[in-house]
>>> print(open('data.txt').read())   # compact mmCIF, C-alpha atoms
# COMPACT_ATOMS: atom_id res chain seq x y z
CA MET D 1 323.18 -21.46 97.47
CA ALA D 2 320.17 -20.59 99.60
CA LEU D 3 319.51 -24.21 100.47
CA SER D 4 323.10 -24.96 101.50
CA PHE D 5 323.13 -21.83 103.68
CA VAL D 6 319.89 -22.87 105.38
CA LYS D 7 321.08 -26.46 105.84
CA ARG D 8 324.21 -25.19 107.61
CA LEU D 9 321.97 -23.00 109.77
CA CYS D 10 319.84 -26.04 110.63
CA VAL D 11 322.93 -27.93 111.80
CA GLN D 12 323.84 -25.01 114.06
CA LEU D 13 320.29 -24.79 115.44
CA GLU D 14 320.36 -28.50 116.28
CA GLN D 15 323.22 -28.05 118.78
CA THR D 16 321.61 -29.41 121.93
CA ASP D 17 323.15 -26.80 124.25
CA ARG D 18 320.72 -24.30 122.70
CA ILE D 19 317.78 -25.79 124.59
CA LEU D 20 316.48 -23.43 127.26
CA PRO D 21 313.90 -24.06 130.00
CA GLY D 22 310.39 -24.13 128.54
CA GLY D 23 311.56 -25.59 125.23
CA TYR D 24 312.95 -22.27 123.95
CA LEU D 25 316.01 -22.20 121.75
CA TYR D 26 318.98 -19.89 122.29
CA MET D 27 319.60 -18.19 118.93
CA SER D 28 321.13 -14.86 119.98
CA ASP D 29 324.65 -15.85 118.94
CA LEU D 30 323.45 -16.57 115.39
CA LEU D 31 321.24 -13.47 115.26
CA GLY D 32 324.32 -11.50 116.35
CA LEU D 33 326.28 -12.33 113.19
CA PRO D 34 325.84 -9.52 110.64
CA SER D 35 326.98 -11.74 107.75
CA LEU D 36 324.48 -14.47 108.64
CA MET D 37 321.69 -11.90 108.93
CA GLU D 38 322.70 -10.43 105.57
CA GLN D 39 322.51 -13.82 103.86
CA ALA D 40 319.17 -14.66 105.48
CA GLY D 41 317.80 -11.22 104.53
CA LYS D 42 318.89 -11.76 100.92
CA ILE D 43 316.97 -15.02 100.74
CA ILE D 44 313.81 -13.58 102.27
CA ALA D 45 314.08 -10.64 99.87
CA THR D 46 314.15 -13.01 96.85
CA ALA D 47 310.75 -14.34 97.91
CA PHE D 48 309.29 -10.85 97.54
CA TYR D 49 311.19 -9.33 94.59
CA GLY D 50 308.66 -7.82 92.22
CA SER D 51 305.98 -7.54 94.92
CA GLU D 52 304.60 -4.08 95.52
CA ILE D 53 306.07 -3.16 98.91
CA ASP D 54 306.63 0.24 100.53
CA VAL D 55 308.23 -0.66 103.86
CA VAL D 56 309.52 -3.56 105.92
CA MET D 57 308.07 -3.82 109.43
CA THR D 58 309.22 -5.73 112.49
CA VAL D 59 308.56 -5.63 116.22
CA GLU D 60 311.42 -5.17 118.62
CA THR D 61 313.83 -6.79 119.38
CA LYS D 62 315.42 -9.86 117.87
CA GLY D 63 313.93 -9.54 114.39
CA ILE D 64 315.46 -6.11 113.80
CA PRO D 65 318.75 -7.14 112.13
CA LEU D 66 316.89 -9.52 109.77
CA ALA D 67 314.36 -6.80 108.91
CA TYR D 68 317.18 -4.35 108.05
CA ALA D 69 319.04 -6.96 106.02
CA THR D 70 315.87 -7.71 104.03
CA ALA D 71 315.01 -4.03 103.61
CA ALA D 72 318.54 -3.20 102.45
CA GLN D 73 318.19 -5.79 99.66
CA LEU D 74 314.83 -4.42 98.57
CA GLY D 75 315.90 -0.78 98.92
CA LEU D 76 313.14 -0.08 101.44
CA PRO D 77 312.92 1.66 104.83
CA VAL D 78 312.19 -0.18 108.09
CA VAL D 79 309.32 0.64 110.43
CA LEU D 80 309.83 -0.53 113.99
CA VAL D 81 306.94 -1.52 116.24
CA ARG D 82 307.64 -1.04 119.96
CA ARG D 83 306.44 -3.16 122.86
CA ASP D 84 305.80 0.00 124.85
CA HIS D 85 304.98 3.53 123.91
CA GLN D 86 308.23 5.51 123.97
CA VAL D 87 308.61 9.27 124.42
CA THR D 88 310.94 9.38 121.44
CA GLU D 89 308.21 8.15 119.09
CA GLY D 90 305.70 10.98 119.52
CA SER D 91 302.01 10.12 119.44
CA ALA D 92 301.41 6.46 118.72
CA VAL D 93 298.71 3.89 118.08
CA SER D 94 298.70 0.97 120.53
CA ILE D 95 296.90 -2.35 120.28
CA ASN D 96 296.65 -5.41 122.50
CA TYR D 97 297.23 -8.83 121.05
CA VAL D 98 297.12 -12.40 122.28
CA SER D 99 300.19 -14.55 122.04
CA GLY D 100 298.92 -17.72 120.37
CA SER D 101 301.18 -20.13 122.22
CA HIS D 102 300.76 -18.70 125.74
CA LYS D 103 297.34 -17.07 125.47
CA SER D 104 298.83 -14.10 127.32
CA ILE D 105 297.99 -10.51 126.39
CA HIS D 106 300.65 -8.04 125.24
CA THR D 107 300.77 -4.54 123.87
CA MET D 108 302.48 -3.19 120.78
CA SER D 109 302.60 0.35 119.55
CA LEU D 110 303.62 2.27 116.45
CA SER D 111 304.35 5.94 116.04
CA ARG D 112 301.62 7.73 114.10
CA ARG D 113 304.09 9.29 111.75
CA ALA D 114 305.99 6.08 111.07
CA LEU D 115 303.60 4.72 108.46
CA LYS D 116 301.62 6.39 105.66
CA GLU D 117 298.06 5.30 104.93
CA LYS D 118 297.70 2.58 102.30
CA SER D 119 301.33 1.52 102.68
CA ARG D 120 302.07 -2.01 101.55
CA VAL D 121 304.06 -3.69 104.28
CA LEU D 122 306.38 -6.70 104.39
CA ILE D 123 306.45 -8.11 107.94
CA VAL D 124 309.74 -9.75 108.98
CA ASP D 125 310.56 -11.51 112.24
CA ASP D 126 313.14 -13.89 113.62
CA PHE D 127 310.80 -16.50 115.07
CA MET D 128 307.18 -17.50 114.76
CA LYS D 129 305.29 -20.03 116.82
CA ALA D 130 301.49 -19.77 116.58
CA GLY D 131 301.83 -16.41 114.86
CA GLY D 132 300.24 -14.20 117.52
CA THR D 133 302.91 -11.51 117.30
CA VAL D 134 302.71 -11.31 113.51
CA ARG D 135 298.88 -11.31 113.78
CA GLY D 136 299.26 -8.35 116.16
CA MET D 137 301.30 -6.49 113.55
CA VAL D 138 298.64 -7.26 110.93
CA ASP D 139 295.96 -5.82 113.26
CA LEU D 140 298.14 -2.76 113.85
CA LEU D 141 298.40 -2.25 110.08
CA GLY D 142 294.62 -2.13 109.98
CA GLU D 143 294.71 0.87 112.31
CA PHE D 144 296.88 2.67 109.75
CA ASN D 145 294.77 1.57 106.78
CA ALA D 146 297.90 -0.17 105.59
CA GLU D 147 298.13 -3.59 103.98
CA VAL D 148 300.20 -6.72 104.44
CA ALA D 149 302.27 -7.43 101.35
CA GLY D 150 303.87 -10.53 102.85
CA VAL D 151 305.33 -12.17 105.92
CA GLY D 152 308.84 -13.61 106.18
CA VAL D 153 310.36 -15.34 109.22
CA LEU D 154 313.76 -16.88 109.82
CA VAL D 155 312.54 -19.78 111.97
CA GLU D 156 309.05 -21.18 112.45
CA SER D 157 308.17 -23.63 115.14
CA GLY D 158 306.41 -26.69 113.83
CA ALA D 159 305.19 -27.59 117.32
CA VAL D 160 301.83 -25.93 116.69
CA GLU D 161 298.52 -27.61 115.87
CA THR D 162 297.13 -26.38 112.56
CA GLU D 163 293.95 -25.07 114.19
CA GLU D 164 296.09 -23.12 116.69
CA ARG D 165 298.02 -21.35 113.95
CA LEU D 166 296.87 -17.74 113.66
CA LEU D 167 298.56 -17.07 110.34
CA HIS D 168 298.81 -19.27 107.27
CA ASP D 169 300.42 -17.19 104.57
CA TYR D 170 304.11 -16.68 105.29
CA VAL D 171 307.58 -17.64 104.13
CA SER D 172 309.97 -19.40 106.52
CA LEU D 173 313.63 -20.31 106.00
CA VAL D 174 313.83 -22.89 108.80
CA LYS D 175 311.19 -25.08 110.42
CA LEU D 176 311.83 -26.52 113.87
CA SER D 177 309.86 -29.74 113.99
CA GLU D 178 310.94 -30.74 117.48
CA VAL D 179 312.52 -29.17 120.55
CA ASP D 180 312.50 -31.88 123.18
CA SER D 181 314.03 -30.50 126.37
CA LYS D 182 313.72 -33.82 128.24
CA GLU D 183 315.45 -35.92 125.60
CA ARG D 184 317.60 -32.91 124.59
CA ARG D 185 316.73 -33.28 120.92
CA ILE D 186 316.17 -30.60 118.29
CA SER D 187 315.12 -31.15 114.69
CA ALA D 188 315.52 -28.28 112.24
CA HIS D 189 314.69 -28.49 108.52
CA PRO D 190 314.51 -26.07 105.59
CA GLY D 191 311.28 -24.05 105.83
CA ASN D 192 308.44 -23.55 103.36
CA TYR D 193 310.55 -21.13 101.27
CA PHE D 194 312.02 -24.25 99.69
CA SER D 195 308.80 -26.20 99.22
CA SER D 196 306.60 -23.55 97.63
CA MET F 1 332.75 12.20 102.26
CA ALA F 2 332.06 11.55 105.93
CA LEU F 3 331.67 15.24 106.68
CA SER F 4 329.28 15.92 103.82
CA PHE F 5 327.17 12.93 104.86
CA VAL F 6 327.01 14.18 108.45
CA LYS F 7 326.23 17.73 107.35
CA ARG F 8 323.27 16.46 105.32
CA LEU F 9 322.17 14.46 108.37
CA CYS F 10 322.38 17.63 110.50
CA VAL F 11 320.10 19.47 108.07
CA GLN F 12 317.56 16.66 108.35
CA LEU F 13 317.79 16.64 112.16
CA GLU F 14 317.14 20.39 112.23
CA GLN F 15 313.66 19.97 110.71
CA THR F 16 311.52 21.57 113.40
CA ASP F 17 308.66 19.06 113.13
CA ARG F 18 311.00 16.55 114.82
CA ILE F 19 310.56 18.24 118.20
CA LEU F 20 308.59 16.10 120.62
CA PRO F 21 307.21 16.96 124.07
CA GLY F 22 310.02 17.09 126.64
CA GLY F 23 312.58 18.31 124.11
CA TYR F 24 313.04 14.89 122.52
CA LEU F 25 313.75 14.59 118.83
CA TYR F 26 311.94 12.20 116.48
CA MET F 27 314.66 10.28 114.62
CA SER F 28 312.96 6.95 113.87
CA ASP F 29 312.46 7.76 110.19
CA LEU F 30 316.21 8.32 109.75
CA LEU F 31 317.14 5.30 111.88
CA GLY F 32 314.79 3.28 109.66
CA LEU F 33 316.87 3.86 106.51
CA PRO F 34 319.27 0.92 106.02
CA SER F 35 321.49 2.93 103.65
CA LEU F 36 321.83 5.81 106.14
CA MET F 37 322.65 3.37 108.93
CA GLU F 38 325.21 1.66 106.69
CA GLN F 39 326.97 4.96 105.97
CA ALA F 40 326.94 6.01 109.62
CA GLY F 41 328.23 2.59 110.67
CA LYS F 42 331.09 2.88 108.15
CA ILE F 43 332.17 6.19 109.63
CA ILE F 44 332.04 4.95 113.23
CA ALA F 45 334.01 1.87 112.14
CA THR F 46 336.80 4.07 110.68
CA ALA F 47 337.32 5.58 114.13
CA PHE F 48 338.14 2.12 115.50
CA TYR F 49 339.97 0.37 112.65
CA GLY F 50 343.13 -1.17 114.04
CA SER F 51 341.77 -1.22 117.60
CA GLU F 52 341.69 -4.58 119.30
CA ILE F 53 337.95 -5.37 119.43
CA ASP F 54 336.13 -8.68 119.78
CA VAL F 55 332.47 -7.65 119.68
CA VAL F 56 330.16 -4.68 119.19
CA MET F 57 327.60 -4.17 121.94
CA THR F 58 324.41 -2.14 122.06
CA VAL F 59 321.30 -2.00 124.23
CA GLU F 60 317.90 -2.42 122.66
CA THR F 61 316.26 -0.87 120.68
CA LYS F 62 317.08 2.05 118.47
CA GLY F 63 320.85 1.60 118.37
CA ILE F 64 320.61 -1.91 116.93
CA PRO F 65 320.81 -1.09 113.19
CA LEU F 66 323.81 1.20 113.76
CA ALA F 67 325.55 -1.47 115.84
CA TYR F 68 325.06 -4.06 113.08
CA ALA F 69 326.22 -1.63 110.40
CA THR F 70 329.38 -0.88 112.41
CA ALA F 71 329.99 -4.56 113.22
CA ALA F 72 329.53 -5.57 109.57
CA GLN F 73 332.29 -3.14 108.57
CA LEU F 74 334.64 -4.44 111.26
CA GLY F 75 333.75 -8.10 110.65
CA LEU F 76 332.58 -8.56 114.23
CA PRO F 77 329.53 -10.09 115.95
CA VAL F 78 326.96 -8.04 117.86
CA VAL F 79 326.01 -8.61 121.48
CA LEU F 80 322.61 -7.26 122.44
CA VAL F 81 321.81 -6.03 125.94
CA ARG F 82 318.13 -6.32 126.89
CA ARG F 83 316.07 -4.00 129.06
CA ASP F 84 314.41 -7.03 130.66
CA HIS F 85 315.48 -10.57 131.21
CA GLN F 86 313.98 -12.67 128.40
CA VAL F 87 313.27 -16.41 128.46
CA THR F 88 315.01 -16.76 125.09
CA GLU F 89 318.33 -15.57 126.53
CA GLY F 90 318.88 -18.27 129.17
CA SER F 91 320.54 -17.29 132.42
CA ALA F 92 321.57 -13.65 132.45
CA VAL F 93 323.38 -11.03 134.49
CA SER F 94 321.27 -7.98 135.36
CA ILE F 95 322.35 -4.61 136.69
CA ASN F 96 320.56 -1.43 137.67
CA TYR F 97 321.76 1.88 136.33
CA VAL F 98 320.81 5.50 136.76
CA SER F 99 319.83 7.53 133.74
CA GLY F 100 322.00 10.63 134.02
CA SER F 101 319.49 13.05 132.62
CA HIS F 102 316.42 11.85 134.53
CA LYS F 103 318.01 10.33 137.63
CA SER F 104 315.60 7.43 137.19
CA ILE F 105 316.66 3.83 137.77
CA HIS F 106 316.50 1.21 135.04
CA THR F 107 317.57 -2.39 134.55
CA MET F 108 319.61 -3.95 131.79
CA SER F 109 320.52 -7.56 131.36
CA LEU F 110 322.85 -9.68 129.26
CA SER F 111 322.79 -13.41 128.64
CA ARG F 112 325.62 -15.21 130.41
CA ARG F 113 326.68 -17.00 127.29
CA ALA F 114 326.62 -13.90 125.09
CA LEU F 115 330.04 -12.59 126.08
CA LYS F 116 333.35 -14.35 126.80
CA GLU F 117 335.55 -13.18 129.69
CA LYS F 118 338.16 -10.59 128.77
CA SER F 119 336.34 -9.64 125.56
CA ARG F 120 337.20 -6.20 124.21
CA VAL F 121 333.93 -4.45 123.44
CA LEU F 122 332.99 -1.52 121.21
CA ILE F 123 329.79 0.07 122.55
CA VAL F 124 327.53 1.65 119.91
CA ASP F 125 324.28 3.57 120.43
CA ASP F 126 322.03 5.93 118.51
CA PHE F 127 321.80 8.70 121.09
CA MET F 128 323.63 9.81 124.21
CA LYS F 129 322.64 12.52 126.63
CA ALA F 130 324.43 12.39 129.99
CA GLY F 131 325.75 8.93 129.15
CA GLY F 132 323.91 6.93 131.83
CA THR F 133 322.88 4.14 129.48
CA VAL F 134 326.40 3.74 128.09
CA ARG F 135 327.75 3.88 131.68
CA GLY F 136 325.33 1.05 132.50
CA MET F 137 326.78 -1.02 129.66
CA VAL F 138 330.30 -0.31 130.95
CA ASP F 139 329.25 -1.53 134.42
CA LEU F 140 327.69 -4.63 132.86
CA LEU F 141 330.98 -5.36 131.08
CA GLY F 142 332.65 -5.33 134.48
CA GLU F 143 330.38 -8.21 135.54
CA PHE F 144 331.74 -10.22 132.61
CA ASN F 145 335.37 -9.23 133.22
CA ALA F 146 335.20 -7.66 129.79
CA GLU F 147 336.70 -4.35 128.72
CA VAL F 148 335.52 -1.28 126.85
CA ALA F 149 337.49 -0.83 123.64
CA GLY F 150 335.58 2.30 122.64
CA VAL F 151 332.24 4.06 122.49
CA GLY F 152 330.59 5.39 119.34
CA VAL F 153 327.26 7.22 119.13
CA LEU F 154 325.34 8.67 116.21
CA VAL F 155 324.00 11.73 118.04
CA GLU F 156 325.08 13.29 121.33
CA SER F 157 323.09 15.91 123.11
CA GLY F 158 325.14 18.96 124.00
CA ALA F 159 322.50 20.10 126.50
CA VAL F 160 324.42 18.53 129.38
CA GLU F 161 326.62 20.28 131.93
CA THR F 162 330.17 18.93 131.88
CA GLU F 163 329.99 17.85 135.53
CA GLU F 164 326.75 15.94 134.74
CA ARG F 165 328.37 13.95 131.95
CA LEU F 166 328.97 10.37 133.09
CA LEU F 167 331.22 9.47 130.20
CA HIS F 168 334.00 11.47 128.58
CA ASP F 169 335.70 9.17 126.11
CA TYR F 170 333.47 8.57 123.09
CA VAL F 171 333.10 9.33 119.40
CA SER F 172 330.00 11.14 118.13
CA LEU F 173 328.99 11.89 114.56
CA VAL F 174 326.46 14.61 115.38
CA LYS F 175 326.15 16.97 118.31
CA LEU F 176 322.80 18.59 119.09
CA SER F 177 323.65 21.88 120.74
CA GLU F 178 320.06 23.03 121.15
CA VAL F 179 316.55 21.59 121.09
CA ASP F 180 314.27 24.46 122.04
CA SER F 181 310.70 23.21 122.06
CA LYS F 182 309.24 26.63 122.92
CA GLU F 183 311.02 28.51 120.12
CA ARG F 184 310.92 25.36 117.95
CA ARG F 185 314.62 25.56 117.18
CA ILE F 186 317.13 22.75 116.75
CA SER F 187 320.87 23.13 116.19
CA ALA F 188 322.83 20.12 114.98
CA HIS F 189 326.55 20.12 114.17
CA PRO F 190 329.19 17.56 113.25
CA GLY F 191 330.25 15.71 116.40
CA ASN F 192 333.66 15.14 117.97
CA TYR F 193 334.60 12.55 115.32
CA PHE F 194 335.51 15.51 113.17
CA SER F 195 337.35 17.53 115.77
CA SER F 196 339.62 14.86 117.25
>>> encode(input="data.txt", output="structure tokens")
Amino acid sequence: MALSFVKRLCVQLEQTDRILPGGYLYMSDLLGLPSLMEQAGKIIATAFYGSEIDVVMTVETKGIPLAYATAAQLGLPVVLVRRDHQVTEGSAVSINYVSGSHKSIHTMSLSRRALKEKSRVLIVDDFMKAGGTVRGMVDLLGEFNAEVAGVGVLVESGAVETEERLLHDYVSLVKLSEVDSKERRISAHPGNYFSS
Amino acid sequence: MALSFVKRLCVQLEQTDRILPGGYLYMSDLLGLPSLMEQAGKIIATAFYGSEIDVVMTVETKGIPLAYATAAQLGLPVVLVRRDHQVTEGSAVSINYVSGSHKSIHTMSLSRRALKEKSRVLIVDDFMKAGGTVRGMVDLLGEFNAEVAGVGVLVESGAVETEERLLHDYVSLVKLSEVDSKERRISAHPGNYFSS
């Protein structure tokens, strides 16, 4: 069931018109399908059933529907990390983090009242390359004395050297092994969810 | 059913510790509950059953879970408007819009390939004050030769003069008639969904 769903997703991801400048992949149409997000969230949830988790966390924007779909399965609330500090969040804790693939510095921020101390947190995102964004969320959890209970991503990019990878313990549904914008070739395979 | 759900939501919104500087209301805890979003999305969907709609649209960030919950009920995809132009969206159309309550200018942008011409679009958001953000989405639809099929919001602020309101045709589940940060008083009532 899970594998056939992910294999169909891989076929969709391999459509060459998804290739964007810089080797990025257009996925917004797929992320915009509530039923697809629900199925993906169900699979990620199965990887963490029985784990002690208090909340699901994601950073805006594209991972939000997957985080809600996963949280709905596990019966948990969602905590949303912002890229900027918003007036509607009250006082917040902000950190800087380095994107692993670009080495550029970004900010993320979380409302003080969004997360209780010692919470056990499942991090969910739509895409992971070197893992800098997820690493940033892990660092942010430290500021709240909260703990990572797990990390689940829809798609991981395999185009990362092992020593560049900032995060090693995660579950992925799809692994992109190649996005070649010159040859217009994409290779997508089932992720480590299916090999562990 | 719908009314009792919204009345319970009003009681939660009236908790005085939600008041933030500037008269904003902290709602992220409620927006973070997948089951609450699902129920709210079901109610908004009932207001548009039978309407000719192709997609649900929202602008990042906080309206996203409600938009997905509504779209899931109606069996529709979600189109996500960004505040900035992102590399992962490909070529995009950007517009500037004026926030009605602050008179400040913002940008929103939508990927060219996200929306087909002549699409009929249901706009969903978590909060509406003067309606400038929703108005911006309506203007953006014009750039795509797409049409507004309806507007649904979770919470509308009643603290807007009628002549200031930029949008008059919408469905709201909750109406905030007062957020008094000095007296620490909030009044929330069922919105126009229940009076139309």
>>> interface_residues(input="data.txt", of="chain F", to="chain D", cutoff="10 Å", atoms="all atoms listed in the file", output="ChimeraX atom specification")
/F:18-38,55-57,60-62,64-73,75-80,82,87-91,111,113-115
>>> write_last_selection(input="data.txt", atoms="C-alpha atoms", output="tab-separated table (two decimals), keeping the file's coordinate frame")
chain	number	residue	atom	x	y	z
F	18	ARG	CA	311.00	16.55	114.82
F	19	ILE	CA	310.56	18.24	118.20
F	20	LEU	CA	308.59	16.10	120.62
F	21	PRO	CA	307.21	16.96	124.07
F	22	GLY	CA	310.02	17.09	126.64
F	23	GLY	CA	312.58	18.31	124.11
F	24	TYR	CA	313.04	14.89	122.52
F	25	LEU	CA	313.75	14.59	118.83
F	26	TYR	CA	311.94	12.20	116.48
F	27	MET	CA	314.66	10.28	114.62
F	28	SER	CA	312.96	6.95	113.87
F	29	ASP	CA	312.46	7.76	110.19
F	30	LEU	CA	316.21	8.32	109.75
F	31	LEU	CA	317.14	5.30	111.88
F	32	GLY	CA	314.79	3.28	109.66
F	33	LEU	CA	316.87	3.86	106.51
F	34	PRO	CA	319.27	0.92	106.02
F	35	SER	CA	321.49	2.93	103.65
F	36	LEU	CA	321.83	5.81	106.14
F	37	MET	CA	322.65	3.37	108.93
F	38	GLU	CA	325.21	1.66	106.69
F	55	VAL	CA	332.47	-7.65	119.68
F	56	VAL	CA	330.16	-4.68	119.19
F	57	MET	CA	327.60	-4.17	121.94
F	60	GLU	CA	317.90	-2.42	122.66
F	61	THR	CA	316.26	-0.87	120.68
F	62	LYS	CA	317.08	2.05	118.47
F	64	ILE	CA	320.61	-1.91	116.93
F	65	PRO	CA	320.81	-1.09	113.19
F	66	LEU	CA	323.81	1.20	113.76
F	67	ALA	CA	325.55	-1.47	115.84
F	68	TYR	CA	325.06	-4.06	113.08
F	69	ALA	CA	326.22	-1.63	110.40
F	70	THR	CA	329.38	-0.88	112.41
F	71	ALA	CA	329.99	-4.56	113.22
F	72	ALA	CA	329.53	-5.57	109.57
F	73	GLN	CA	332.29	-3.14	108.57
F	75	GLY	CA	333.75	-8.10	110.65
F	76	LEU	CA	332.58	-8.56	114.23
F	77	PRO	CA	329.53	-10.09	115.95
F	78	VAL	CA	326.96	-8.04	117.86
F	79	VAL	CA	326.01	-8.61	121.48
F	80	LEU	CA	322.61	-7.26	122.44
F	82	ARG	CA	318.13	-6.32	126.89
F	87	VAL	CA	313.27	-16.41	128.46
F	88	THR	CA	315.01	-16.76	125.09
F	89	GLU	CA	318.33	-15.57	126.53
F	90	GLY	CA	318.88	-18.27	129.17
F	91	SER	CA	320.54	-17.29	132.42
F	111	SER	CA	322.79	-13.41	128.64
F	113	ARG	CA	326.68	-17.00	127.29
F	114	ALA	CA	326.62	-13.90	125.09
F	115	LEU	CA	330.04	-12.59	126.08
>>> atom_distance(input="data.txt", atom1="CA of Cys10 in chain D", atom2="CA of Met137 in chain D")
27.1 Å
>>> atom_distance(input="data.txt", atom1="CA of Asp17 in chain D", atom2="CA of Val155 in chain D")
17.7 Å
>>> closest_residue(input="data.txt", among="D:Val11, D:Tyr97, D:Leu3, D:Ile53", to="Asn192 in chain D", atoms="only C-alpha atoms")
D:Leu3
>>> atom_distance(input="data.txt", atom1="CA of Pro190 in chain F", atom2="CA of His168 in chain F")
17.2 Å
>>> residues_around(input="data.txt", residues="Phe5 in chain D", least_positions_apart="3", cutoff="10 Å", atoms="only C-alpha atoms", output="list in words")
Met1, Ala2, Arg8, Leu9, Cys10, Leu36, Gln39, Ala40, Ile43, Leu173 and Pro190 of chain D
>>> residues_around(input="data.txt", residues="Gly150 in chain D", least_positions_apart="4", cutoff="8 Å", atoms="all atoms listed in the file", output="PDB file with C-alpha atoms, in the coordinates of the input")
ATOM      1  CA  PHE D  48     309.290 -10.850  97.540  1.00  0.00           C
ATOM      2  CA  VAL D 121     304.060  -3.690 104.280  1.00  0.00           C
ATOM      3  CA  LEU D 122     306.380  -6.700 104.390  1.00  0.00           C
ATOM      4  CA  ILE D 123     306.450  -8.110 107.940  1.00  0.00           C
ATOM      5  CA  ASP D 169     300.420 -17.190 104.570  1.00  0.00           C
ATOM      6  CA  TYR D 170     304.110 -16.680 105.290  1.00  0.00           C
TER       7      TYR D 170
END
>>> closest_residue(input="data.txt", among="D:Thr162, D:Ser172, D:Gln86, D:Ser187", to="Gly41 in chain D", atoms="all atoms listed in the file")
D:Ser172
>>> closest_residue(input="data.txt", among="F:Gln15, F:Val93, F:Arg112, F:Asn145", to="Ile186 in chain F", atoms="only C-alpha atoms")
F:Gln15
